[in-house]
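Colleague: mmCIF, C-alpha atoms and all ligand atoms, file upload36.cif:
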```cif
data_my_file
#
loop_
_atom_site.group_PDB
_atom_site.id
_atom_site.type_symbol
_atom_site.label_atom_id
_atom_site.label_comp_id
_atom_site.auth_asym_id
_atom_site.auth_seq_id
_atom_site.Cartn_x
_atom_site.Cartn_y
_atom_site.Cartn_z
ATOM 1 C CA MET A 10 7.019 2.048 9.377
ATOM 2 C CA THR A 11 10.362 3.643 8.702
ATOM 3 C CA ARG A 12 11.598 1.455 5.880
ATOM 4 C CA ALA A 13 14.638 3.059 4.285
ATOM 5 C CA CYS A 14 13.969 1.699 0.796
ATOM 6 C CA SER A 15 10.237 2.258 0.543
ATOM 7 C CA PRO A 16 9.217 4.917 -1.965
ATOM 8 C CA VAL A 17 8.651 8.369 -0.507
ATOM 9 C CA GLY A 18 5.132 8.899 0.790
ATOM 10 C CA MET A 19 4.478 5.334 1.952
ATOM 11 C CA CYS A 20 5.456 5.371 5.610
ATOM 12 C CA VAL A 21 4.230 6.896 8.856
ATOM 13 C CA SER A 22 6.825 6.985 11.651
ATOM 14 C CA GLU A 23 5.944 5.459 14.999
ATOM 15 C CA PRO A 24 5.460 8.627 17.131
ATOM 16 C CA VAL A 25 3.407 10.267 14.381
ATOM 17 C CA PHE A 26 1.240 7.150 14.020
ATOM 18 C CA HIS A 27 0.429 7.092 17.733
ATOM 19 C CA LYS A 28 -0.431 10.796 17.747
ATOM 20 C CA LEU A 29 -2.630 10.338 14.675
ATOM 21 C CA ILE A 30 -4.572 7.474 16.310
ATOM 22 C CA GLY A 31 -4.939 9.539 19.490
ATOM 23 C CA TYR A 32 -6.371 12.397 17.452
ATOM 24 C CA LEU A 33 -8.731 10.127 15.488
ATOM 25 C CA GLU A 34 -10.040 8.737 18.802
ATOM 26 C CA THR A 35 -11.128 12.197 19.897
ATOM 27 C CA ARG A 36 -12.693 13.456 16.669
ATOM 28 C CA TYR A 37 -13.751 10.422 14.627
ATOM 29 C CA HIS A 38 -15.463 7.084 15.042
ATOM 30 C CA ILE A 39 -12.908 4.359 14.194
ATOM 31 C CA GLN A 40 -14.909 1.525 12.643
ATOM 32 C CA ARG A 41 -14.549 -1.630 10.594
ATOM 33 C CA LEU A 42 -14.468 -0.991 6.885
ATOM 34 C CA GLU A 43 -16.805 -3.991 6.512
ATOM 35 C CA GLU A 44 -19.340 -2.460 8.900
ATOM 36 C CA ALA A 45 -18.981 1.205 8.031
ATOM 37 C CA ALA A 46 -22.235 3.057 8.570
ATOM 38 C CA PRO A 47 -23.269 5.383 5.761
ATOM 39 C CA GLU A 48 -24.030 8.191 8.207
ATOM 40 C CA PRO A 49 -21.837 9.644 10.993
ATOM 41 C CA ALA A 50 -22.124 7.698 14.251
ATOM 42 C CA GLY A 51 -23.037 9.878 17.205
ATOM 43 C CA GLY A 52 -22.214 12.976 15.207
ATOM 44 C CA ARG A 53 -18.650 11.865 14.540
ATOM 45 C CA PRO A 54 -17.579 11.001 11.003
ATOM 46 C CA GLY A 55 -16.470 7.388 10.547
ATOM 47 C CA VAL A 56 -12.948 6.429 9.633
ATOM 48 C CA SER A 57 -11.463 3.010 8.860
ATOM 49 C CA ILE A 58 -7.785 2.102 9.087
ATOM 50 C CA THR A 59 -6.179 -0.145 6.465
ATOM 51 C CA PHE A 60 -2.624 -1.304 5.771
ATOM 52 C CA ASP A 61 -1.459 -2.533 2.368
ATOM 53 C CA ASP A 62 1.122 -5.235 1.557
ATOM 54 C CA GLY A 63 1.437 -6.900 4.985
ATOM 55 C CA TRP A 64 4.754 -5.355 6.041
ATOM 56 C CA ARG A 65 6.316 -6.821 9.170
ATOM 57 C CA ASP A 66 6.981 -3.385 10.669
ATOM 58 C CA ASN A 67 3.204 -2.910 10.850
ATOM 59 C CA LEU A 68 2.935 -5.599 13.551
ATOM 60 C CA PRO A 69 3.560 -3.409 16.648
ATOM 61 C CA HIS A 70 0.991 -0.915 15.368
ATOM 62 C CA LEU A 71 -1.578 -3.603 14.678
ATOM 63 C CA ARG A 72 -1.103 -4.950 18.210
ATOM 64 C CA ALA A 73 -1.395 -1.428 19.645
ATOM 65 C CA LEU A 74 -4.604 -0.786 17.692
ATOM 66 C CA ASP A 75 -6.046 -4.093 18.863
ATOM 67 C CA ARG A 76 -5.164 -3.380 22.507
ATOM 68 C CA ALA A 77 -6.935 -0.030 22.213
ATOM 69 C CA GLY A 78 -10.007 -1.824 20.828
ATOM 70 C CA HIS A 79 -9.684 -0.361 17.350
ATOM 71 C CA PRO A 80 -10.307 -2.415 14.211
ATOM 72 C CA ALA A 81 -7.923 -2.441 11.279
ATOM 73 C CA LEU A 82 -7.782 -4.289 7.987
ATOM 74 C CA VAL A 83 -4.523 -5.564 6.466
ATOM 75 C CA PHE A 84 -4.388 -6.396 2.759
ATOM 76 C CA LEU A 85 -2.029 -9.328 2.137
ATOM 77 C CA VAL A 86 -0.132 -10.242 -1.020
ATOM 78 C CA THR A 87 -0.602 -13.968 -0.634
ATOM 79 C CA GLY A 88 2.234 -15.054 -2.943
ATOM 80 C CA LYS A 89 4.736 -12.855 -1.116
ATOM 81 C CA MET A 90 4.309 -13.774 2.530
ATOM 82 C CA ASP A 91 7.384 -13.875 4.796
ATOM 83 C CA GLN A 92 9.762 -12.501 2.145
ATOM 84 C CA ARG A 93 12.562 -9.936 2.193
ATOM 85 C CA PHE A 94 12.233 -7.109 -0.317
ATOM 86 C CA PRO A 95 9.180 -8.822 -1.860
ATOM 87 C CA PHE A 96 8.130 -5.950 -4.131
ATOM 88 C CA TRP A 97 10.044 -4.438 -7.006
ATOM 89 C CA PRO A 98 9.641 -0.760 -5.960
ATOM 90 C CA GLU A 99 11.826 -1.309 -2.855
ATOM 91 C CA ARG A 100 14.416 -3.168 -4.959
ATOM 92 C CA VAL A 101 14.397 -0.323 -7.502
ATOM 93 C CA VAL A 102 14.791 2.338 -4.784
ATOM 94 C CA TRP A 103 17.788 0.406 -3.428
ATOM 95 C CA LEU A 104 19.281 0.144 -6.935
ATOM 96 C CA ALA A 105 18.690 3.832 -7.726
ATOM 97 C CA ARG A 106 20.515 4.755 -4.516
ATOM 98 C CA GLN A 107 23.411 2.480 -5.487
ATOM 99 C CA ALA A 108 23.514 4.229 -8.888
ATOM 100 C CA GLU A 109 23.523 7.639 -7.190
ATOM 101 C CA GLN A 110 26.623 6.630 -5.226
ATOM 102 C CA GLU A 111 28.532 4.553 -7.791
ATOM 103 C CA ALA A 112 29.221 5.851 -11.311
ATOM 104 C CA GLU A 113 29.886 2.342 -12.635
ATOM 105 C CA THR A 114 26.504 1.055 -11.391
ATOM 106 C CA ALA A 115 24.828 4.105 -12.942
ATOM 107 C CA ARG A 116 26.564 3.471 -16.277
ATOM 108 C CA ARG A 117 25.603 -0.219 -16.347
ATOM 109 C CA LEU A 118 22.036 0.569 -15.267
ATOM 110 C CA GLN A 119 21.611 3.154 -18.005
ATOM 111 C CA ALA A 120 23.115 0.752 -20.569
ATOM 112 C CA SER A 121 20.290 -1.667 -19.703
ATOM 113 C CA PHE A 122 17.719 0.906 -20.907
ATOM 114 C CA ALA A 123 18.806 0.341 -24.551
ATOM 115 C CA GLY A 124 15.867 -0.738 -26.690
ATOM 116 C CA THR A 125 13.308 0.472 -24.135
ATOM 117 C CA ALA A 126 11.448 3.757 -23.709
ATOM 118 C CA LEU A 127 13.023 4.247 -20.273
ATOM 119 C CA ARG A 128 15.099 7.369 -19.598
ATOM 120 C CA TRP A 129 16.521 8.236 -16.178
ATOM 121 C CA GLU A 130 19.467 10.108 -14.683
ATOM 122 C CA PRO A 131 20.698 9.247 -11.156
ATOM 123 C CA ALA A 132 20.264 12.907 -10.175
ATOM 124 C CA GLY A 133 16.507 12.454 -10.787
ATOM 125 C CA GLY A 134 16.320 10.190 -7.733
ATOM 126 C CA PRO A 135 14.416 6.922 -7.109
ATOM 127 C CA ALA A 136 10.913 8.412 -7.392
ATOM 128 C CA VAL A 137 11.463 9.494 -11.003
ATOM 129 C CA LEU A 138 12.752 6.031 -11.938
ATOM 130 C CA LEU A 139 9.731 4.366 -10.287
ATOM 131 C CA GLU A 140 7.276 6.555 -12.180
ATOM 132 C CA ALA A 141 9.088 5.962 -15.494
ATOM 133 C CA LEU A 142 8.927 2.193 -14.876
ATOM 134 C CA LYS A 143 5.200 2.311 -14.141
ATOM 135 C CA ARG A 144 4.645 3.936 -17.542
ATOM 136 C CA LEU A 145 6.291 1.008 -19.397
ATOM 137 C CA SER A 146 4.239 -1.942 -20.601
ATOM 138 C CA GLU A 147 4.042 -4.820 -18.113
ATOM 139 C CA ASP A 148 6.142 -6.971 -20.436
ATOM 140 C CA ALA A 149 8.904 -4.351 -20.874
ATOM 141 C CA ARG A 150 8.933 -3.598 -17.141
ATOM 142 C CA GLU A 151 9.125 -7.277 -16.141
ATOM 143 C CA LYS A 152 12.027 -7.875 -18.563
ATOM 144 C CA LEU A 153 14.005 -4.950 -17.136
ATOM 145 C CA LEU A 154 13.253 -5.836 -13.515
ATOM 146 C CA SER A 155 14.346 -9.443 -13.914
ATOM 147 C CA ARG A 156 17.501 -8.311 -15.717
ATOM 148 C CA TRP A 157 18.280 -5.890 -12.870
ATOM 149 C CA ASP A 158 17.620 -8.605 -10.283
ATOM 150 C CA ARG A 159 20.107 -10.842 -12.106
ATOM 151 C CA GLU A 160 22.764 -8.169 -12.651
ATOM 152 C CA PHE A 161 22.575 -5.947 -9.589
ATOM 153 C CA TRP A 162 20.481 -7.408 -6.790
ATOM 154 C CA ASP A 163 22.408 -8.050 -3.598
ATOM 155 C CA GLU A 164 19.909 -9.075 -0.949
ATOM 156 C CA PRO A 165 22.322 -9.187 2.043
ATOM 157 C CA SER A 166 23.562 -5.647 1.376
ATOM 158 C CA ALA A 167 20.035 -4.355 0.766
ATOM 159 C CA PHE A 168 18.742 -6.039 3.908
ATOM 160 C CA THR A 169 21.618 -4.598 5.931
ATOM 161 C CA CYS A 170 20.609 -1.068 4.959
ATOM 162 C CA ASP A 171 16.875 -1.750 5.337
ATOM 163 C CA SER A 172 16.185 -4.658 7.672
ATOM 164 C CA LEU A 173 12.499 -3.756 7.963
ATOM 165 C CA ALA A 174 11.673 -4.462 4.322
ATOM 166 C CA SER A 175 9.983 -7.830 4.803
ATOM 167 C CA THR A 176 6.454 -9.152 4.927
ATOM 168 C CA ILE A 177 4.672 -11.065 7.689
ATOM 169 C CA SER A 178 4.190 -14.833 7.699
ATOM 170 C CA TRP A 179 0.891 -16.686 7.764
ATOM 171 C CA ASP A 180 1.630 -17.621 11.401
ATOM 172 C CA GLU A 181 1.966 -13.936 12.291
ATOM 173 C CA ALA A 182 -1.342 -13.234 10.552
ATOM 174 C CA ARG A 183 -3.031 -16.190 12.298
ATOM 175 C CA ALA A 184 -1.907 -14.821 15.675
ATOM 176 C CA PHE A 185 -4.539 -12.077 15.230
ATOM 177 C CA ARG A 186 -7.410 -14.563 14.969
ATOM 178 C CA GLY A 187 -10.283 -13.438 17.169
ATOM 179 C CA THR A 188 -8.919 -9.888 17.574
ATOM 180 C CA ASN A 189 -9.909 -6.552 16.048
ATOM 181 C CA ILE A 190 -7.398 -7.043 13.236
ATOM 182 C CA ARG A 191 -8.654 -8.687 10.056
ATOM 183 C CA PHE A 192 -7.092 -9.548 6.730
ATOM 184 C CA GLY A 193 -8.115 -8.977 3.133
ATOM 185 C CA SER A 194 -6.586 -9.573 -0.266
ATOM 186 C CA HIS A 195 -4.050 -7.486 -2.166
ATOM 187 C CA THR A 196 -3.741 -10.113 -4.972
ATOM 188 C CA VAL A 197 -1.252 -12.985 -5.264
ATOM 189 C CA SER A 198 1.776 -11.153 -6.691
ATOM 190 C CA HIS A 199 0.875 -7.418 -6.598
ATOM 191 C CA PRO A 200 0.570 -6.804 -10.367
ATOM 192 C CA LEU A 201 -0.987 -3.606 -11.703
ATOM 193 C CA LEU A 202 -4.400 -5.141 -12.414
ATOM 194 C CA ASP A 203 -5.193 -2.783 -15.287
ATOM 195 C CA GLN A 204 -2.075 -3.989 -17.106
ATOM 196 C CA THR A 205 -1.894 -7.710 -16.373
ATOM 197 C CA THR A 206 -3.566 -10.494 -18.357
ATOM 198 C CA ASP A 207 -3.938 -12.547 -15.156
ATOM 199 C CA ALA A 208 -6.340 -10.330 -13.204
ATOM 200 C CA ALA A 209 -8.957 -13.065 -12.647
ATOM 201 C CA ALA A 210 -6.405 -15.585 -11.341
ATOM 202 C CA GLU A 211 -4.688 -12.958 -9.162
ATOM 203 C CA LEU A 212 -8.010 -11.975 -7.594
ATOM 204 C CA SER A 213 -9.467 -15.420 -6.983
ATOM 205 C CA GLY A 214 -6.139 -17.050 -6.029
ATOM 206 C CA SER A 215 -5.476 -14.482 -3.352
ATOM 207 C CA ARG A 216 -8.972 -14.677 -1.875
ATOM 208 C CA GLU A 217 -8.782 -18.479 -1.720
ATOM 209 C CA ALA A 218 -5.337 -18.358 -0.070
ATOM 210 C CA VAL A 219 -6.503 -15.980 2.675
ATOM 211 C CA GLU A 220 -9.556 -18.156 3.333
ATOM 212 C CA ALA A 221 -7.549 -21.394 3.408
ATOM 213 C CA GLN A 222 -4.742 -20.035 5.588
ATOM 214 C CA LEU A 223 -6.793 -17.981 8.039
ATOM 215 C CA ARG A 224 -9.978 -20.063 7.957
ATOM 216 C CA GLU A 225 -12.233 -17.057 7.622
ATOM 217 C CA GLY A 226 -14.072 -15.402 4.754
ATOM 218 C CA CYS A 227 -12.197 -12.928 2.564
ATOM 219 C CA GLU A 228 -14.473 -10.413 0.898
ATOM 220 C CA THR A 229 -12.217 -7.358 0.977
ATOM 221 C CA LEU A 230 -9.626 -6.280 -1.567
ATOM 222 C CA ALA A 231 -7.199 -3.427 -2.180
ATOM 223 C CA TYR A 232 -6.204 -2.898 -5.825
ATOM 224 C CA PRO A 233 -2.358 -2.835 -6.033
ATOM 225 C CA ASN A 234 -1.145 0.730 -6.536
ATOM 226 C CA GLY A 235 -4.848 1.641 -6.608
ATOM 227 C CA ASN A 236 -4.985 0.797 -10.322
ATOM 228 C CA TRP A 237 -8.426 -0.189 -11.553
ATOM 229 C CA THR A 238 -10.596 -0.009 -14.657
ATOM 230 C CA PRO A 239 -14.273 -0.986 -15.106
ATOM 231 C CA ALA A 240 -13.026 -4.415 -16.296
ATOM 232 C CA VAL A 241 -10.860 -4.819 -13.159
ATOM 233 C CA ARG A 242 -13.779 -3.808 -10.943
ATOM 234 C CA ALA A 243 -16.006 -6.370 -12.697
ATOM 235 C CA ALA A 244 -13.324 -9.062 -12.251
ATOM 236 C CA ALA A 245 -13.186 -8.266 -8.518
ATOM 237 C CA GLU A 246 -16.950 -8.690 -8.247
ATOM 238 C CA THR A 247 -16.826 -11.974 -10.177
ATOM 239 C CA ALA A 248 -14.041 -13.230 -7.883
ATOM 240 C CA GLY A 249 -16.380 -12.790 -4.908
ATOM 241 C CA TYR A 250 -15.269 -9.521 -3.344
ATOM 242 C CA ARG A 251 -17.855 -7.356 -1.606
ATOM 243 C CA LEU A 252 -15.617 -4.385 -0.772
ATOM 244 C CA ALA A 253 -12.605 -3.098 -2.711
ATOM 245 C CA CYS A 254 -10.375 -0.098 -2.074
ATOM 246 C CA THR A 255 -8.684 2.259 -4.489
ATOM 247 C CA THR A 256 -6.152 4.957 -3.629
ATOM 248 C CA GLU A 257 -8.290 7.824 -4.887
ATOM 249 C CA GLU A 258 -8.157 10.448 -2.160
ATOM 250 C CA ARG A 259 -11.787 11.219 -1.477
ATOM 251 C CA CYS A 260 -14.349 10.437 1.225
ATOM 252 C CA GLN A 261 -16.732 7.546 0.635
ATOM 253 C CA GLU A 262 -20.247 8.870 0.118
ATOM 254 C CA PRO A 263 -23.310 6.992 1.444
ATOM 255 C CA ASP A 264 -24.266 5.825 -2.055
ATOM 256 C CA GLY A 265 -20.640 5.242 -3.137
ATOM 257 C CA ASP A 266 -19.592 2.093 -5.025
ATOM 258 C CA SER A 267 -18.512 -0.540 -2.466
ATOM 259 C CA LEU A 268 -16.024 -1.942 -4.993
ATOM 260 C CA LEU A 269 -14.374 1.471 -5.461
ATOM 261 C CA ILE A 270 -13.888 2.733 -1.904
ATOM 262 C CA PRO A 271 -11.550 5.751 -1.900
ATOM 263 C CA ARG A 272 -8.776 6.018 0.681
ATOM 264 C CA PHE A 273 -6.245 8.545 1.890
ATOM 265 C CA ASN A 274 -2.655 7.378 1.678
ATOM 266 C CA MET A 275 -1.084 8.523 4.934
ATOM 267 C CA SER A 276 2.591 9.401 5.210
ATOM 268 C CA ASP A 277 4.548 11.660 7.509
ATOM 269 C CA GLY A 278 4.566 14.400 4.859
ATOM 270 C CA LYS A 279 0.777 14.711 5.172
ATOM 271 C CA LEU A 280 0.737 14.662 8.952
ATOM 272 C CA VAL A 281 3.559 16.701 10.407
ATOM 273 C CA ASN A 282 4.352 20.388 10.858
ATOM 274 C CA PRO A 283 7.647 21.933 9.696
ATOM 275 C CA TRP A 284 9.235 20.746 12.960
ATOM 276 C CA GLY A 285 8.375 17.099 12.251
ATOM 277 C CA ARG A 286 5.609 16.755 14.865
ATOM 278 C CA PHE A 287 2.095 15.459 14.234
ATOM 279 C CA SER A 288 -0.217 18.351 13.501
ATOM 280 C CA PRO A 289 -4.037 17.975 13.562
ATOM 281 C CA ALA A 290 -4.234 21.050 11.320
ATOM 282 C CA VAL A 291 -1.946 19.510 8.682
ATOM 283 C CA PHE A 292 -3.938 16.240 8.817
ATOM 284 C CA GLU A 293 -7.272 18.036 8.504
ATOM 285 C CA PHE A 294 -5.965 20.103 5.578
ATOM 286 C CA THR A 295 -4.358 17.235 3.622
ATOM 287 C CA THR A 296 -7.322 14.902 4.054
ATOM 288 C CA VAL A 297 -10.636 16.336 5.165
ATOM 289 C CA TRP A 298 -10.404 19.810 3.662
ATOM 290 C CA LYS A 299 -9.092 18.572 0.312
ATOM 291 C CA ALA A 300 -11.788 15.873 0.197
ATOM 292 C CA TRP A 301 -14.501 18.407 1.006
ATOM 293 C CA ARG A 302 -13.232 20.728 -1.725
ATOM 294 C CA ALA A 303 -13.105 17.819 -4.232
ATOM 295 C CA MET A 304 -16.712 16.856 -3.360
ATOM 296 C CA ARG A 305 -17.893 20.447 -3.814
ATOM 297 C CA SER A 306 -16.179 20.738 -7.192
ATOM 298 C CA THR A 307 -18.114 17.714 -8.498
ATOM 299 C CA CYS A 308 -21.526 19.009 -7.309
HETATM 300 ZN ZN ZN B 401 0.487 -2.520 -2.366
#
```
Translate the structure of the given file into structure tokens.
Modeller:
Amino acid sequence: MTRACSPVGMCVSEPVFHKLIGYLETRYHIQRLEEAAPEPAGGRPGVSITFDDGWRDNLPHLRALDRAGHPALVFLVTGKMDQRFPFWPERVVWLARQAEQEAETARRLQASFAGTALRWEPAGGPAVLLEALKRLSEDAREKLLSRWDREFWDEPSAFTCDSLASTISWDEARAFRGTNIRFGSHTVSHPLLDQTTDAAAELSGSREAVEAQLREGCETLAYPNGNWTPAVRAAAETAGYRLACTTEERCQEPDGDSLLIPRFNMSDGKLVNPWGRFSPAVFEFTTVWKAWRAMRSTC
């Protein structure tokens, strides 16, 4: 959970994760997303823990959660199992860092923007480049990304600087059979479902792969990047999903849509005090208090 090339705001470091779980144990009821009760259990609000993408560095934490008797749900990208740097954001972060350090790489990278709407300066940093790419059409983005993979990508050097950027294998997933850890779908190739023409195939293909590989039902989904539209939601329902998660940072209400379950994206920045230690007050402010205020503003 300390991947060097993952975009900012995606990772929780190991000591902070353990402190967070310890805090949740005392104040919340950690429950399966699939069996979440609409009302607080025993006076404690319910909370479910999910992991997106199936990163290999999640494994120790999944085992620790299971040993402690806590359920968790991992959303797998079924076409990108057991791969190094499987997703383009990590490859782009690596490339942006190369461009920050090497003027020639920066010049060649910027030359590749010609004919596109993309604008980026190395001083802007990787996050700005990622956001600019997400605003391009899927077609324009795919063309640029495959060109960059051809011209710049150097897997050994990237893996040397970030050896944790790989996904788990089906065998590693199967090792959790019969435990508190379960697996759901995060599509076949992690496209932005509101932009792709293949949403139906991505949704059904991934569900079928999880069921075939793990020999258990797969009725849970996380929309990649949280992107959804009413048409995407309908496609998820048609593909057989019963529960689907967004990345909208709210609490699920008792009568909330089970195919649009909001979630809080946890990262160290939302959990630690200025000295880098887990802080219950920071957690409560960045999640619970903000969610409560958002609910009140819609009443
Ligand atoms: Zn994802």
Colleague: Edge lengths and centre, in Å to one decimal, as JSON: that's what I need for the box along x, y and z that holds all listed atoms of region 224-234 of chain A plus 8 Å on each side.
Modeller:
```
{"center_x": -7.8, "center_y": -9.7, "center_z": 0.7, "size_x": 29.3, "size_y": 36.8, "size_z": 30.5}
```
Colleague: Show me which residues are within 9 Å of ligand ZN 401 (chain B) counting only C-alpha atoms and all ligand atoms, and format the list as a ChimeraX atom specification.
Modeller: /A:60-63,84-86,96,195,199,231-235
Colleague: Run the PyMOL selection byres (((chain A and resi 37) around 12) and not hetatm) mentally over the shown coordinates, then write out the matched residues as a list in words, using the chain letters and numbers from the document.
Modeller: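 After applying the PyMOL selection byres (((chain A and resi 37) around 12) and not hetatm), what remains is Leu29, Ile30, Gly31, Tyr32, Leu33, Glu34, Thr35, Arg36, His38, Ile39, Gln40, Pro49, Ala50, Gly51, Gly52, Arg53, Pro54, Gly55, Val56, Ser57, Ile58, His79, Glu293 and Val297 of chain A.
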Colleague: Which residues are near region 19-22 of chain A? Cut-off 7 Å, only C-alpha atoms, ignore same chain within fewer than 2 positions. Put them as a count of residues only.
Modeller: 11
Colleague: Exactly which residues make up the result of the PyMOL selection byres (((chain A and resi 196-198) around 7) and not hetatm) on this file, given as a ChimeraX atom specification?
Modeller: /A:86-89,194-195,199-200,211-212,214-215
Colleague: Pick from A:Trp301, A:Thr247, A:Val241, A:Ala218: nearest to Glu262 (chain A), with all atoms listed in the file counted?
Modeller: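 Among the listed residues, A:Trp301 lies closest to Glu262 (chain A).
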Colleague: Which is closer to Asp75 (chain A) than all the others in A:Trp237, A:Phe185, A:Phe273, A:Phe192, using only C-alpha atoms?
Modeller: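 Looking only at the distances to Asp75 (chain A), the closest residue turns out to be A:Phe185.
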Colleague: Near Arg117 (chain A), counting only C-alpha atoms, which residues have an atom at most 10 Å away, once you skip same-chain residues fewer than 6 positions from it, shown as an mmCIF file with C-alpha atoms, in the frame of the given file?
Modeller:
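Resulting contents of around_32.cif:
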```cif
data_model
loop_
_atom_site.group_PDB
_atom_site.id
_atom_site.type_symbol
_atom_site.label_atom_id
_atom_site.label_comp_id
_atom_site.auth_asym_id
_atom_site.auth_seq_id
_atom_site.Cartn_x
_atom_site.Cartn_y
_atom_site.Cartn_z
ATOM 1 C CA ALA A 108 23.514 4.229 -8.888
ATOM 2 C CA TRP A 157 18.280 -5.890 -12.870
ATOM 3 C CA GLU A 160 22.764 -8.169 -12.651
ATOM 4 C CA PHE A 161 22.575 -5.947 -9.589
#
```
Colleague: By how many Å are CA of Glu113 (chain A) and CA of Gly18 (chain A) apart?
Modeller: 28.9 Å
Colleague: So, counting all atoms listed in the file, which residue among A:Gly133, A:Ala13, A:Trp64, A:Lys28 is closest to Glu99 (chain A)?
Modeller: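 For Glu99 (chain A), the nearest of the given residues is A:Ala13.
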Colleague: Taking into account only C-alpha atoms, which residue in the set A:Pro98, A:Val281, A:Ala253, A:Phe292 is nearest to Ala174 (chain A)?
Modeller: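 Of the candidates, the smallest distance to Ala174 (chain A) is held by A:Pro98.
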Colleague: I'd like the interatomic distance between CA of Ala115 (chain A) and CA of Pro131 (chain A), to a tenth of an Å.
Modeller: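 Between these atoms lies a distance of 6.8 Å.
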Colleague: Counting all atoms listed in the file, which residues come within 10 Å of (-11.2, -11.8, 12.4), with the point read in the file's coordinates, and could you list them as a PyMOL selection string?
Modeller: chain A and resi 80-82+183+185-192+223-227
